[in-house]
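Contents: one structure, followed by commentary.
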Amino acid sequence: MKEVVLHVYDVTNSDSEKTNNTILQINRIFKDRIGLGGIFHSAVQVYGEEEWSFGFCESGSGVFSCPIGKNPMYTYRESIVLGETECGIAAVNRMLRELSREWPGHSYDLLSRNCNHFCDVLCERLGVPKLPGWVNRFANAGDTAVVVAENTAVKFRQAKTEIVNASRVAYRFMAGLASKSQASPESPGNNQSRGSPTFQGAWFKNIIPAGAKPSSSGSNPSQDTDDGSPLRRQSSTEQSTRL
């Protein structure tokens with residue numbers, strides 16, 4: 001059994017001293033006072049006096065080692081004992097060679113594939129608990145926000161497409177009704193009455209008293225009803241058909 005230790009740094013590798021001080025202040029407030037998290041770099045120590053981590057480089061592996069607590073790019077914060085591994089030193093060396101091939105430097109991503117993600121994978125293979133949640137919480141929150149935003153954009157595009165398709169179907173349906181109305185002079189749609197074709201038929205039946213027969217004499221082509229809507233005269237054949 002060999003102890004596995006996590007070494008945590010404040011990320012202060014900016015060329016701007018103001019930026020570095022801001023990050024230190026964020027970490028003090030959100031980690032030390034609230035316990036939520038911050039902006040951190042991490043590395044894992046197992047066997048020997050070196051710690052292992054991951055970072056960006058244009059070519060080759062992004063896996064590297066340095067003396068414990070001596071990474072020159074960051075400000076050392078603390079160490080955390082994660083547990084003990086049953087892996088021997090030969091197995092650990094083989095594990096690190098495999099990770100070196102699996103984690104090229106160009107694959108580094110601040111939100112989804114950073115040093116903390118690498119340490120999580122290394123700890124999992126060593127058989128010890130992963131990093132405390134606060135170490136990588138800001139990156140995980142940022143990655144989740146990106147995923148949510150992408151999913152929302154996809155759903156919005158899908159909804160927009162469905163609305164457009166529904167509008168096209170509705171337009172074609174209405175266009176079909178209009179073409180049928182023009183083709184059939186008996187269609188209620190040709191009447192000048194207000195209301196939809198569905199209600200016009202019932203409205204027409206209620207206007208004509210039961211048993212009433214329309215006049216066949218030649219007169220004005222239309223007459224006014226009580227509500228002011230013009231009603232076209234029809235032949236007795238048309239009237240019986242409509243009723």
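Going by the structure tokens order, chains are called A, B, ..., each with residues numbered from 1, while ligands are numbered from 1 in the order shown.
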Practice task
Identify, with DSSP run on backbone atoms, the residues in segment 63-127 of chain A assigned to strand (DSSP E), and express the list as a ChimeraX atom specification.
Solution key: /A:63-67,75-85
Exercise for the section: Would you list the contacts of Ser14 of chain A as a PyMOL selection string, taking every protein, DNA or RNA residue within 12 Å and counting only C-alpha atoms, but skipping same-chain residues closer than 4 positions in sequence? Expected result: chain A and resi 10+18-24+73-75
Fill in the blank from the handout: With distances taken over only C-alpha atoms, the candidate from A:Cys115, A:Glu58, A:Val46, A:Glu124 nearest Ala90 of chain A is A:Val46
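The environment of segment 102-114 of chain A within 6 Å, counting only C-alpha atoms and disregarding residues fewer than 5 places along the same chain, consists of A:Phe56, A:Cys57, A:Glu58, A:Gly60, A:Ser61, A:Gly62, A:Ala139, A:Asp143.
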Practice task
Considering only C-alpha atoms, state which residue in the set A:Val63, A:Val4, A:Leu36, A:Ile89 is at the smallest distance from Val128 of chain A.
Solution key: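 When distances to Val128 of chain A are compared using only C-alpha atoms, the smallest one comes from A:Val4.
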Practice task
Please provide the set of residues having any atom within 9 Å of Val44 of chain A, restricted to only C-alpha atoms, with same-chain residues fewer than 2 positions apart removed, written as a count of residues only.
Solution key: 13
Handout entry: Arg137 of chain A environment, 12 Å, only C-alpha atoms, sequence neighbours closer than 5 positions dropped, as a PyMOL selection string
Key = chain A and resi 27+30-31+35-41+111-112+116-117+131-132+142-144
Problem - Gap from atom CA of Gly133 of chain A to atom CA of Thr12 of chain A - Å, one decimal - result: 20.5 Å
Problem - Separation of atom CA of Phe118 of chain A from atom CA of Arg97 of chain A in Å - result: 13.4 Å
Among the residues of segment 7-115 of chain A, find those DSSP assigns to alpha helix (DSSP H) from the backbone and print them as a short mmCIF file (atom, residue, chain, number, x, y, z; two decimals) with C-alpha atoms, in the first residue's frame.
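Result written to part-v3.cif:
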data_model
loop_
_atom_site.label_atom_id
_atom_site.label_comp_id
_atom_site.auth_asym_id
_atom_site.auth_seq_id
_atom_site.Cartn_x
_atom_site.Cartn_y
_atom_site.Cartn_z
CA GLU A 17 -0.24 40.80 -11.48
CA LYS A 18 -3.71 42.32 -11.17
CA THR A 19 -5.28 39.22 -12.71
CA ASN A 20 -3.29 36.92 -10.43
CA ASN A 21 -4.36 38.88 -7.37
CA THR A 22 -7.98 38.74 -8.53
CA ILE A 23 -7.79 34.94 -8.83
CA LEU A 24 -6.27 34.68 -5.36
CA GLN A 25 -9.08 36.81 -3.99
CA ILE A 26 -11.73 34.70 -5.78
CA ASN A 27 -10.22 31.52 -4.34
CA ILE A 89 5.68 0.95 -8.64
CA ALA A 90 6.02 -1.00 -11.91
CA ALA A 91 2.24 -0.88 -12.45
CA VAL A 92 2.20 2.85 -11.72
CA ASN A 93 5.01 3.50 -14.20
CA ARG A 94 3.15 1.51 -16.85
CA MET A 95 -0.02 3.44 -16.03
CA LEU A 96 1.75 6.78 -16.50
CA ARG A 97 3.19 5.70 -19.86
CA GLU A 98 -0.31 4.77 -21.05
CA LEU A 99 -1.76 8.09 -19.87
CA SER A 100 1.05 9.94 -21.62
CA ARG A 101 -0.15 8.48 -24.91
CA GLU A 102 -3.84 9.04 -24.12
CA CYS A 115 -5.24 19.05 -15.21
#
